[in-house]
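Dropping data.txt in here (compact mmCIF, C-alpha atoms):
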# COMPACT_ATOMS: atom_id res chain seq x y z
CA MET C 1 12.79 -18.96 -0.09
CA THR C 2 11.88 -22.55 0.63
CA LYS C 3 10.36 -22.08 4.07
CA LYS C 4 6.75 -20.90 3.91
CA LEU C 5 5.53 -17.79 5.66
CA VAL C 6 2.67 -18.77 7.96
CA ILE C 7 0.15 -16.30 9.35
CA GLY C 8 -1.97 -17.51 12.23
CA HIS C 9 -1.98 -20.67 14.30
CA ASP C 10 -5.61 -21.74 14.00
CA LYS C 11 -7.55 -23.68 11.38
CA TYR C 12 -7.58 -20.55 9.23
CA ALA C 13 -3.79 -20.18 9.17
CA LEU C 14 -2.46 -18.82 5.89
CA GLU C 15 0.57 -20.14 4.05
CA VAL C 16 2.48 -17.84 1.68
CA PRO C 17 5.12 -20.11 0.07
CA ALA C 18 6.96 -17.33 -1.78
CA ARG C 19 7.08 -15.12 1.33
CA ILE C 20 6.21 -12.11 -0.83
CA PHE C 21 3.25 -9.78 -0.30
CA GLN C 22 2.11 -7.48 -3.06
CA GLY C 23 1.86 -3.88 -1.99
CA GLY C 24 -1.55 -2.24 -2.23
CA MET C 25 -1.29 0.46 -4.89
CA GLY C 26 -4.35 2.65 -4.89
CA VAL C 27 -6.77 4.19 -7.33
CA GLY C 28 -6.98 1.22 -9.63
CA LEU C 29 -3.40 -0.07 -9.84
CA SER C 30 -3.84 -3.15 -7.60
CA LEU C 31 -6.96 -4.99 -8.64
CA SER C 32 -7.96 -8.61 -9.21
CA GLY C 33 -5.68 -9.18 -12.22
CA LEU C 34 -2.41 -8.36 -10.49
CA ALA C 35 -3.50 -9.79 -7.14
CA SER C 36 -4.47 -13.15 -8.62
CA ALA C 37 -1.26 -13.33 -10.68
CA VAL C 38 0.83 -12.82 -7.53
CA ALA C 39 -1.27 -15.36 -5.62
CA ASN C 40 -0.81 -17.94 -8.39
CA GLU C 41 2.97 -17.62 -7.92
CA GLY C 42 2.72 -18.41 -4.23
CA GLY C 43 2.71 -14.82 -3.04
CA ALA C 44 -0.03 -12.87 -1.30
CA GLY C 45 -1.99 -10.77 -3.77
CA THR C 46 -3.51 -7.50 -2.64
CA ILE C 47 -6.50 -5.55 -3.93
CA SER C 48 -6.27 -1.88 -3.01
CA ALA C 49 -9.55 -0.35 -1.85
CA ALA C 50 -8.20 3.20 -2.15
CA GLY C 51 -10.18 5.05 -4.81
CA ILE C 52 -11.58 1.81 -6.17
CA GLY C 53 -15.06 3.29 -6.59
CA MET C 54 -13.90 6.14 -8.81
CA TYR C 55 -14.72 4.12 -11.91
CA GLU C 56 -18.32 3.42 -10.88
CA PRO C 57 -20.97 5.58 -12.63
CA ASP C 58 -22.55 6.84 -9.39
CA VAL C 59 -19.36 7.65 -7.49
CA TYR C 60 -20.17 11.37 -7.37
CA GLU C 61 -23.52 10.75 -5.71
CA ASN C 62 -22.79 7.61 -3.66
CA LEU C 63 -19.09 7.35 -2.86
CA ILE C 64 -19.40 4.71 -0.15
CA GLU C 65 -21.86 2.52 -2.04
CA ALA C 66 -19.85 2.79 -5.27
CA SER C 67 -16.62 1.92 -3.49
CA SER C 68 -18.10 -1.06 -1.68
CA ARG C 69 -19.63 -2.37 -4.89
CA ALA C 70 -16.39 -2.03 -6.83
CA LEU C 71 -14.35 -3.66 -4.07
CA ARG C 72 -16.77 -6.58 -3.86
CA LYS C 73 -16.58 -7.13 -7.62
CA GLU C 74 -12.78 -7.22 -7.60
CA ILE C 75 -12.67 -9.67 -4.69
CA VAL C 76 -15.11 -12.00 -6.45
CA LYS C 77 -13.04 -11.79 -9.65
CA ALA C 78 -9.82 -12.56 -7.81
CA HIS C 79 -11.29 -15.59 -6.07
CA ALA C 80 -12.40 -16.90 -9.46
CA LEU C 81 -8.89 -16.48 -10.88
CA THR C 82 -6.86 -18.09 -8.09
CA ASP C 83 -6.96 -20.49 -5.18
CA GLY C 84 -4.04 -18.64 -3.64
CA VAL C 85 -3.90 -16.00 -0.93
CA VAL C 86 -5.70 -12.75 -1.76
CA GLY C 87 -6.31 -9.87 0.62
CA ALA C 88 -7.15 -6.19 0.57
CA ASN C 89 -5.37 -3.00 1.53
CA ILE C 90 -7.66 -0.42 3.15
CA MET C 91 -6.43 3.03 4.12
CA VAL C 92 -7.71 4.23 7.49
CA PRO C 93 -8.47 7.82 6.33
CA GLN C 94 -10.82 6.58 3.59
CA ALA C 95 -14.36 7.83 4.13
CA GLU C 96 -15.58 4.33 3.27
CA TYR C 97 -13.16 2.57 5.62
CA GLU C 98 -15.71 0.77 7.80
CA ALA C 99 -17.86 -0.20 4.83
CA ASP C 100 -14.86 -1.62 2.96
CA VAL C 101 -13.79 -3.65 5.99
CA GLN C 102 -17.24 -5.21 6.15
CA VAL C 103 -17.17 -6.07 2.45
CA CYS C 104 -13.84 -7.82 2.93
CA LEU C 105 -15.15 -9.82 5.87
CA GLU C 106 -18.30 -10.79 4.00
CA GLU C 107 -16.40 -11.88 0.90
CA GLY C 108 -13.82 -13.84 2.88
CA VAL C 109 -10.59 -12.15 1.87
CA HIS C 110 -7.62 -13.90 3.43
CA PHE C 111 -6.23 -10.76 5.04
CA ILE C 112 -6.77 -7.05 5.51
CA ALA C 113 -3.70 -4.81 5.50
CA SER C 114 -4.48 -1.39 6.90
CA GLY C 115 -2.42 1.79 7.21
CA GLY C 116 -2.32 5.42 6.14
CA ALA C 117 -2.95 6.10 9.83
CA LEU C 118 -3.11 3.80 12.82
CA PRO C 119 -5.87 1.17 12.32
CA MET C 120 -7.02 1.38 15.93
CA THR C 121 -10.58 0.16 15.32
CA LEU C 122 -9.84 -2.68 12.88
CA ALA C 123 -9.97 -5.43 15.52
CA GLU C 124 -13.29 -4.10 16.79
CA LEU C 125 -14.72 -3.98 13.28
CA ALA C 126 -13.64 -7.57 12.63
CA GLY C 127 -15.31 -8.76 15.82
CA SER C 128 -15.30 -12.55 16.20
CA ASN C 129 -14.13 -13.13 12.63
CA ARG C 130 -10.83 -15.02 12.72
CA LYS C 131 -10.85 -16.27 9.14
CA THR C 132 -9.67 -12.95 7.75
CA LYS C 133 -6.23 -12.14 9.14
CA LEU C 134 -5.55 -8.56 10.26
CA LEU C 135 -2.24 -6.92 9.38
CA PRO C 136 -1.67 -3.35 10.58
CA ILE C 137 0.89 -1.30 8.67
CA VAL C 138 3.29 0.66 10.88
CA SER C 139 6.43 2.72 10.45
CA SER C 140 7.68 2.59 14.04
CA GLU C 141 7.72 0.41 17.13
CA ARG C 142 5.81 3.14 18.98
CA ALA C 143 2.92 2.91 16.51
CA PHE C 144 2.91 -0.86 16.91
CA ARG C 145 2.77 -0.58 20.71
CA LEU C 146 -0.23 1.75 20.48
CA ILE C 147 -2.05 -0.71 18.24
CA LEU C 148 -1.31 -3.63 20.57
CA LYS C 149 -2.64 -1.67 23.54
CA ARG C 150 -5.89 -0.81 21.76
CA TRP C 151 -6.46 -4.21 20.14
CA LYS C 152 -6.02 -6.09 23.39
CA ARG C 153 -9.24 -4.45 24.57
CA SER C 154 -10.96 -6.46 21.84
CA GLY C 155 -9.21 -9.62 22.99
CA ARG C 156 -7.15 -9.84 19.83
CA TYR C 157 -3.59 -9.44 18.67
CA PRO C 158 -2.61 -8.63 15.08
CA ASP C 159 -2.05 -11.76 13.02
CA GLY C 160 1.05 -10.19 11.55
CA VAL C 161 2.47 -6.73 11.02
CA ILE C 162 3.68 -4.93 7.91
CA VAL C 163 6.61 -2.68 8.78
CA GLU C 164 7.04 0.00 6.14
CA GLY C 165 10.29 1.93 5.97
CA PRO C 166 11.10 5.36 4.52
CA ASN C 167 12.07 4.15 1.03
CA ALA C 168 8.52 3.16 0.05
CA GLY C 169 6.43 4.76 -2.65
CA GLY C 170 3.17 6.55 -1.97
CA HIS C 171 2.25 7.96 1.40
CA LEU C 172 4.95 7.72 4.04
CA GLY C 173 4.62 7.53 7.81
CA PHE C 174 7.58 9.81 8.39
CA SER C 175 8.25 13.51 8.82
CA ARG C 176 10.93 15.37 6.86
CA GLU C 177 13.12 15.34 9.94
CA GLU C 178 12.78 11.56 10.24
CA LEU C 179 13.50 11.02 6.56
CA ALA C 180 16.70 13.01 7.07
CA ASN C 181 17.84 10.63 9.84
CA PRO C 182 18.56 7.31 8.06
CA ASP C 183 20.76 6.10 10.91
CA TYR C 184 17.63 5.64 13.04
CA TYR C 185 14.73 5.61 10.59
CA CYS C 186 15.83 2.84 8.25
CA LEU C 187 13.82 -0.29 7.51
CA GLU C 188 16.33 -2.72 9.00
CA LYS C 189 16.46 -0.95 12.36
CA ILE C 190 12.70 -0.45 12.53
CA VAL C 191 12.19 -4.18 11.88
CA VAL C 192 14.59 -5.03 14.71
CA ARG C 193 12.77 -2.70 17.11
CA VAL C 194 9.33 -4.07 16.18
CA ARG C 195 10.66 -7.62 16.60
CA GLU C 196 11.78 -6.68 20.12
CA VAL C 197 8.25 -5.48 20.93
CA ILE C 198 6.80 -8.76 19.63
CA GLU C 199 9.19 -10.82 21.72
CA LYS C 200 8.57 -8.74 24.83
CA GLU C 201 4.81 -9.19 24.35
CA GLY C 202 5.33 -12.93 24.06
CA ILE C 203 3.41 -13.38 20.82
CA ASP C 204 4.34 -15.28 17.67
CA ILE C 205 3.46 -13.22 14.62
CA PRO C 206 5.39 -12.56 11.41
CA ILE C 207 6.84 -9.26 10.28
CA ILE C 208 6.44 -8.43 6.60
CA ALA C 209 8.97 -5.75 5.74
CA ALA C 210 8.19 -3.13 3.11
CA GLY C 211 9.73 -0.06 1.51
CA GLY C 212 12.64 -0.14 -0.92
CA ILE C 213 12.82 -3.93 -1.23
CA TYR C 214 13.54 -4.58 -4.89
CA THR C 215 15.61 -7.75 -5.33
CA GLY C 216 15.79 -11.26 -3.98
CA ALA C 217 19.00 -10.22 -2.22
CA ASP C 218 17.04 -7.44 -0.49
CA ILE C 219 14.56 -10.05 0.72
CA ARG C 220 17.32 -12.23 2.14
CA ASP C 221 18.92 -9.23 3.84
CA ILE C 222 15.75 -7.99 5.54
CA MET C 223 14.93 -11.51 6.70
CA SER C 224 18.34 -11.63 8.39
CA HIS C 225 17.14 -8.68 10.49
CA GLY C 226 14.04 -10.49 11.75
CA ALA C 227 11.45 -10.20 9.00
CA SER C 228 9.55 -13.30 7.89
CA GLY C 229 8.81 -11.99 4.43
CA ALA C 230 8.72 -8.90 2.25
CA GLN C 231 6.16 -6.66 0.62
CA MET C 232 6.87 -5.34 -2.87
CA GLY C 233 4.97 -2.73 -4.83
CA THR C 234 7.29 -0.74 -7.06
CA ARG C 235 8.78 -3.76 -8.83
CA LEU C 236 5.32 -5.11 -9.66
CA VAL C 237 4.13 -1.94 -11.41
CA THR C 238 5.92 -2.81 -14.65
CA THR C 239 4.62 -6.38 -14.88
CA LYS C 240 2.31 -7.38 -17.70
CA GLU C 241 -0.48 -8.15 -15.26
CA SER C 242 -0.27 -4.80 -13.48
CA GLU C 243 -3.42 -2.75 -13.97
CA ALA C 244 -1.34 0.38 -14.52
CA PRO C 245 -1.70 1.75 -18.07
CA ARG C 246 1.29 1.78 -20.42
CA GLU C 247 1.82 5.52 -19.89
CA PHE C 248 2.12 4.94 -16.14
CA LYS C 249 4.58 2.11 -16.65
CA ASP C 250 6.57 4.31 -19.03
CA ALA C 251 6.98 6.85 -16.22
CA TYR C 252 8.87 4.13 -14.35
CA LEU C 253 10.80 2.89 -17.37
CA ASN C 254 11.90 6.38 -18.39
CA CYS C 255 12.72 7.96 -15.03
CA ASN C 256 16.14 8.42 -13.49
CA GLN C 257 17.06 8.20 -9.83
CA GLU C 258 17.03 11.97 -9.42
CA ASP C 259 13.47 12.14 -10.79
CA ILE C 260 12.07 10.39 -7.71
CA GLY C 261 11.34 12.73 -4.85
CA ILE C 262 9.20 13.68 -1.87
CA ILE C 263 5.94 15.55 -2.35
CA GLU C 264 3.37 16.88 0.09
CA SER C 265 -0.27 15.87 -0.08
CA PRO C 266 -3.24 18.23 0.41
CA LEU C 267 -3.37 16.91 3.99
CA GLY C 268 0.24 17.79 4.62
CA LEU C 269 1.36 14.15 4.46
CA LEU C 270 4.59 13.26 2.70
CA GLY C 271 4.75 10.86 -0.21
CA ARG C 272 7.27 9.62 -2.77
CA ALA C 273 6.54 10.01 -6.46
CA ILE C 274 8.12 10.51 -9.87
CA LYS C 275 8.41 14.23 -10.56
CA ASN C 276 6.67 15.59 -13.64
CA ASP C 277 5.25 18.86 -14.95
CA PHE C 278 1.88 18.26 -13.29
CA LEU C 279 3.44 17.84 -9.85
CA GLU C 280 5.61 20.92 -10.28
CA GLN C 281 2.55 23.03 -11.04
CA ALA C 282 0.42 21.40 -8.36
CA MET C 283 3.02 21.85 -5.63
CA ALA C 284 3.38 25.47 -6.70
CA GLY C 285 -0.35 25.94 -6.13
CA LYS C 286 -1.18 26.30 -9.81
CA LYS C 287 -3.45 23.23 -9.93
CA HIS C 288 -6.57 23.78 -7.85
CA PRO C 289 -9.38 21.31 -7.09
CA LYS C 290 -12.68 22.02 -8.82
CA LYS C 291 -14.56 19.37 -6.90
CA CYS C 292 -14.05 17.55 -3.62
CA PHE C 293 -15.11 13.89 -3.44
CA GLU C 294 -14.87 13.95 0.37
CA CYS C 295 -13.12 10.59 -0.04
CA ILE C 296 -10.48 11.24 2.62
CA SER C 297 -11.39 12.24 6.16
CA GLY C 298 -10.15 15.74 6.87
CA CYS C 299 -9.90 16.71 3.21
CA ALA C 300 -13.53 17.76 2.72
CA GLY C 301 -14.43 21.30 1.80
CA VAL C 302 -11.48 22.15 -0.42
CA GLY C 303 -13.39 22.02 -3.67
CA GLU C 304 -13.39 25.69 -4.51
CA GLU C 305 -12.69 27.20 -7.90
CA VAL C 306 -10.69 29.90 -6.17
CA VAL C 307 -8.51 28.52 -3.39
CA THR C 308 -8.35 30.96 -0.51
CA GLU C 309 -5.61 31.36 2.06
CA GLU C 310 -7.91 29.72 4.61
CA VAL C 311 -8.37 26.67 2.39
CA THR C 312 -4.63 26.38 1.86
CA LYS C 313 -4.14 26.37 5.63
CA LEU C 314 -6.93 23.81 6.03
CA VAL C 315 -5.44 21.23 3.70
CA GLY C 316 -1.89 21.72 4.93
CA GLY C 317 -0.09 21.13 1.66
CA ALA C 318 -0.64 22.25 -1.91
CA PRO C 319 -4.40 22.52 -2.57
CA PHE C 320 -4.94 20.03 -5.38
CA CYS C 321 -7.04 16.90 -5.56
CA TYR C 322 -4.89 13.79 -5.14
CA THR C 323 -7.78 11.55 -6.10
CA MET C 324 -8.44 13.16 -9.47
CA ALA C 325 -4.71 13.29 -10.23
CA LEU C 326 -4.41 9.56 -9.53
CA VAL C 327 -7.56 8.76 -11.50
CA ASN C 328 -6.03 10.62 -14.44
CA ALA C 329 -2.81 8.66 -14.03
CA LYS C 330 -4.77 5.41 -14.05
CA LYS C 331 -6.31 6.55 -17.34
CA GLY C 332 -2.85 7.21 -18.75
CA LYS C 333 -3.29 11.00 -18.66
CA MET C 334 0.08 11.74 -17.08
CA LYS C 335 -0.11 15.43 -18.05
CA HIS C 336 -2.91 15.68 -15.51
CA GLY C 337 -1.64 13.16 -12.96
CA PHE C 338 1.43 11.54 -11.48
CA ALA C 339 2.92 8.21 -10.42
CA PHE C 340 3.75 7.24 -6.87
CA ALA C 341 6.96 5.21 -6.76
CA GLY C 342 9.53 3.78 -4.37
CA VAL C 343 13.19 4.82 -4.40
CA ASN C 344 14.12 2.03 -6.82
CA ALA C 345 11.55 2.76 -9.53
CA TYR C 346 14.31 3.99 -11.86
CA ARG C 347 15.65 0.43 -11.99
CA ALA C 348 12.57 -0.81 -13.87
CA LYS C 349 14.39 -0.25 -17.15
CA GLU C 350 16.76 -3.11 -16.23
CA THR C 351 14.11 -5.72 -17.05
CA GLY C 352 11.43 -3.74 -18.85
CA ILE C 353 7.87 -5.07 -18.81
CA ILE C 354 7.81 -8.73 -17.78
CA SER C 355 5.22 -11.14 -16.45
CA VAL C 356 4.65 -11.76 -12.75
CA HIS C 357 5.87 -15.32 -13.29
CA GLU C 358 9.12 -14.06 -14.84
CA LEU C 359 9.58 -11.60 -11.98
CA PHE C 360 9.15 -14.29 -9.33
CA GLU C 361 11.67 -16.49 -11.11
CA ILE C 362 14.15 -13.60 -11.10
CA LEU C 363 13.54 -12.93 -7.42
CA LYS C 364 14.08 -16.60 -6.56
CA ARG C 365 17.35 -16.62 -8.49
CA GLU C 366 18.53 -13.40 -6.88
CA TYR C 367 17.66 -14.77 -3.45
CA GLU C 368 19.59 -17.98 -3.98
CA GLU C 369 22.60 -16.27 -5.52
CA SER C 370 22.86 -13.89 -2.56
CA ALA C 371 23.39 -16.73 -0.05
Encoded form (structure tokens):
Amino acid sequence: MTKKLVIGHDKYALEVPARIFQGGMGVGLSLSGLASAVANEGGAGTISAAGIGMYEPDVYENLIEASSRALRKEIVKAHALTDGVVGANIMVPQAEYEADVQVCLEEGVHFIASGGALPMTLAELAGSNRKTKLLPIVSSERAFRLILKRWKRSGRYPDGVIVEGPNAGGHLGFSREELANPDYYCLEKIVVRVREVIEKEGIDIPIIAAGGIYTGADIRDIMSHGASGAQMGTRLVTTKESEAPREFKDAYLNCNQEDIGIIESPLGLLGRAIKNDFLEQAMAGKKHPKKCFECISGCAGVGEEVVTEEVTKLVGGAPFCYTMALVNAKKGKMKHGFAFAGVNAYRAKETGIISVHELFEILKREYEESA
């Protein structure tokens, strides 16, 4: 991994020597500590804005203000800890999406990665700002084409694109039918198809591939298919600098391959997580939300003590509060929460808990040995 990954061709061009982006893991798992540690190793560190305000005292009364304040604090901390590349991951369905984008622009993050839905308005929100690079997250070439069509109205192309395949942890941009068709919906083939769109458009932007990439050999392989770098989340969870509590890390260290499966969110979206007793009860409808934060667009109004049939239809999936479950997991209360994880999370036991520096050294060695 000697050749640097470069994003942009202007005076604000970013260089990512290690060619590795840190995945944005929400509700307090990807904050300034992990992001700065990755940046100090030559990677691109990522602060996740998802649920970041849940630890502010006024989050119940002022969700957007609390989230913006918390995000700003983490960005300032990260900039004080590293001179490397640090960006933010902002999910489109977040109620505070626009506010968080503005905080990132004001604080001068190096990039904004945005997914969870198509970030159609991100270029418009950024306006004339070219210092902060914009990286949409897509799971298909069709989604990428739609973004290009919309962004061109603002006179801007994406500065790069994160292509996330079906083996990722957390929310997935695939249906059950698509997940069952690995011959077409696999990361390698999606990267090739997105690369074809880029070439047809005549633009020069990098692809950062994500989803199931776990080793240096995986990085070399996906780059042979047209990616310029890789995004990793799952393998960073069990680093010393990860903001995940020990109980969360233990869920990775103690799980087996068969423990990792697909779950359905209250919005009917699919995600990959480590199965536990909480999820079994929640997916069976035995864990009901007592309060709705209205933190995700389309999920408001489900905070009833008694969940009716109408509410169940409204939210699409099992009627439980993802946000509170993930807040509990961040606090180490795994009996009341769960851990999102990619398909390779069970392999964490191979190395145990190591530092980000040690991990990057392992990845470099694996990359070289796979030549």
Report as a Markdown table the residues of stretch 190-285 of chain C within 9 Å of stretch 350-369 of chain C, each with its shortest atom pair and distance in Å (one decimal), using all atoms listed in the file, ordered by chain and increasing residue number.
| residue | atom | partner | partner_atom | distance |
| --- | --- | --- | --- | --- |
| C:Tyr214 | CA | C:Leu363 | CA | 8.7 |
| C:Thr215 | CA | C:Leu363 | CA | 6.0 |
| C:Gly216 | CA | C:Tyr367 | CA | 4.0 |
| C:Ala217 | CA | C:Tyr367 | CA | 4.9 |
| C:Asp218 | CA | C:Tyr367 | CA | 7.9 |
| C:Ile219 | CA | C:Tyr367 | CA | 7.0 |
| C:Arg220 | CA | C:Tyr367 | CA | 6.1 |
| C:Arg235 | CA | C:Leu359 | CA | 8.5 |
| C:Leu236 | CA | C:Val356 | CA | 7.4 |
| C:Val237 | CA | C:Ile353 | CA | 8.9 |
| C:Thr238 | CA | C:Ile353 | CA | 5.1 |
| C:Thr239 | CA | C:Ile354 | CA | 4.9 |
| C:Lys240 | CA | C:Ser355 | CA | 4.9 |
| C:Glu241 | CA | C:Ser355 | CA | 6.5 |
| C:Ser242 | CA | C:Val356 | CA | 8.6 |
| C:Lys249 | CA | C:Ile353 | CA | 8.2 |
| C:Leu253 | CA | C:Gly352 | CA | 6.8 |
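Surrounding residues of (-3.2, 3.0, 8.1) at most 10 Å away are Asn89, Ile90, Met91, Val92, Pro93, Gln94, Ala113, Ser114, Gly115, Gly116, Ala117, Leu118, Pro119, Met120, Leu122, Pro136, Ile137, Val138, Ser139, His171 and Gly173 of chain C (based on all atoms listed in the file).
Note that atom CA of C:Val191 and atom CA of C:Ile162 are 9.4 Å apart.
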Residues within 7 Å of C:Pro17, only C-alpha atoms, excluding chain neighbours under 4 positions, as JSON, numbers by chain: {"C": [3, 4, 5, 42, 43]}
One-decimal distance in Å that lies between atom CA of C:Phe248 and atom CA of C:Cys186: 28.1 Å
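Across C:Phe21, C:Tyr185, C:Tyr346, C:Phe278, the tightest approach to C:Glu258 is made by C:Tyr346 when counting only C-alpha atoms.
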Could I get the residues of stretch 2-86 of chain C with an atom no further than 9 Å from an atom of stretch 197-207 of chain C, each paired with its nearest atom pair and that distance in Å to one decimal, using all atoms listed in the file, sorted by chain and residue number, as a Markdown table?
| residue | atom | partner | partner_atom | distance |
| --- | --- | --- | --- | --- |
| C:Leu5 | CA | C:Pro206 | CA | 7.8 |
| C:Val6 | CA | C:Pro206 | CA | 7.6 |
| C:Ile7 | CA | C:Pro206 | CA | 6.8 |
| C:Gly8 | CA | C:Ile205 | CA | 7.3 |
| C:His9 | CA | C:Asp204 | CA | 9.0 |
Might you pull out every residue within 9 Å of C:Asp277, with all atoms listed in the file counted and same-chain residues fewer than 4 positions away left off, and present them as an mmCIF file with C-alpha atoms, keeping the file's coordinate frame?
data_model
loop_
_atom_site.group_PDB
_atom_site.id
_atom_site.type_symbol
_atom_site.label_atom_id
_atom_site.label_comp_id
_atom_site.auth_asym_id
_atom_site.auth_seq_id
_atom_site.Cartn_x
_atom_site.Cartn_y
_atom_site.Cartn_z
ATOM 1 C CA GLN C 281 2.550 23.030 -11.040
ATOM 2 C CA ALA C 282 0.420 21.400 -8.360
ATOM 3 C CA LYS C 335 -0.110 15.430 -18.050
ATOM 4 C CA HIS C 336 -2.910 15.680 -15.510
ATOM 5 C CA PHE C 338 1.430 11.540 -11.480
#
Nearby residues (all atoms listed in the file) at most 8 Å from C:Leu34, same-chain spacing under 3 positions excluded, as a PDB file with C-alpha atoms, in the coordinates of the input:
ATOM      1  CA  SER C  30      -3.840  -3.150  -7.600  1.00  0.00           C
ATOM      2  CA  LEU C  31      -6.960  -4.990  -8.640  1.00  0.00           C
ATOM      3  CA  ALA C  37      -1.260 -13.330 -10.680  1.00  0.00           C
ATOM      4  CA  VAL C  38       0.830 -12.820  -7.530  1.00  0.00           C
ATOM      5  CA  GLY C  45      -1.990 -10.770  -3.770  1.00  0.00           C
ATOM      6  CA  THR C  46      -3.510  -7.500  -2.640  1.00  0.00           C
ATOM      7  CA  GLU C 241      -0.480  -8.150 -15.260  1.00  0.00           C
ATOM      8  CA  SER C 242      -0.270  -4.800 -13.480  1.00  0.00           C
ATOM      9  CA  GLU C 243      -3.420  -2.750 -13.970  1.00  0.00           C
TER      10      GLU C 243
END
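You can rank C:Ile208, C:Leu134, C:Ala88, C:Val194 by their closest distance to C:Ala227 using all atoms listed in the file, and at the top of that list sits C:Ile208.
Considering the residues C:Ala210, C:Ile75, C:Ala345, C:Leu179 and counting all atoms listed in the file, C:Asn256 has its shortest atom-to-atom contact with C:Ala345.
Separating atom CA of C:Gly26 from atom CA of C:Glu74 is a distance of 13.3 Å.
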Axis-aligned box for stretch 70-82 of chain C, 5 Å per side, centre and edges in Å as JSON:
{"center_x": -11.8, "center_y": -10.1, "center_z": -7.4, "size_x": 19.9, "size_y": 26.1, "size_z": 17.0}
Exercise: C:Ser140 partners within 8 Å, all atoms listed in the file, chain neighbours under 4 positions left out, as number ranges by chain: C: 144, 163, 190, 193-194
Mind dumping the selected residues with C-alpha atoms as a PDB file, keeping the file's coordinate frame?
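The resulting file, result-v4.pdb, is reproduced below:
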ATOM      1  CA  PHE C 144       2.910  -0.860  16.910  1.00  0.00           C
ATOM      2  CA  VAL C 163       6.610  -2.680   8.780  1.00  0.00           C
ATOM      3  CA  ILE C 190      12.700  -0.450  12.530  1.00  0.00           C
ATOM      4  CA  ARG C 193      12.770  -2.700  17.110  1.00  0.00           C
ATOM      5  CA  VAL C 194       9.330  -4.070  16.180  1.00  0.00           C
TER       6      VAL C 194
END
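Proximity ranking of C:Ser175, C:Asn181, C:Thr234, C:Gln257 relative to C:Ala339 places C:Thr234 first, based on only C-alpha atoms.
Minimum distance to C:Arg72 across C:Val86, C:Met324, C:Ala99, C:Cys104 (counting all atoms listed in the file) occurs at C:Cys104.
Counting all atoms listed in the file and comparing C:Ala251, C:Val327, C:Ala35, C:Leu270, the residue that lies closest to C:Glu178 is C:Leu270.
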Surrounding residues of C:Lys330 excluding itself and chain neighbours under 4 positions, 7 Å, all atoms listed in the file, as JSON, numbers by chain: {"C": [28, 244, 245, 326]}
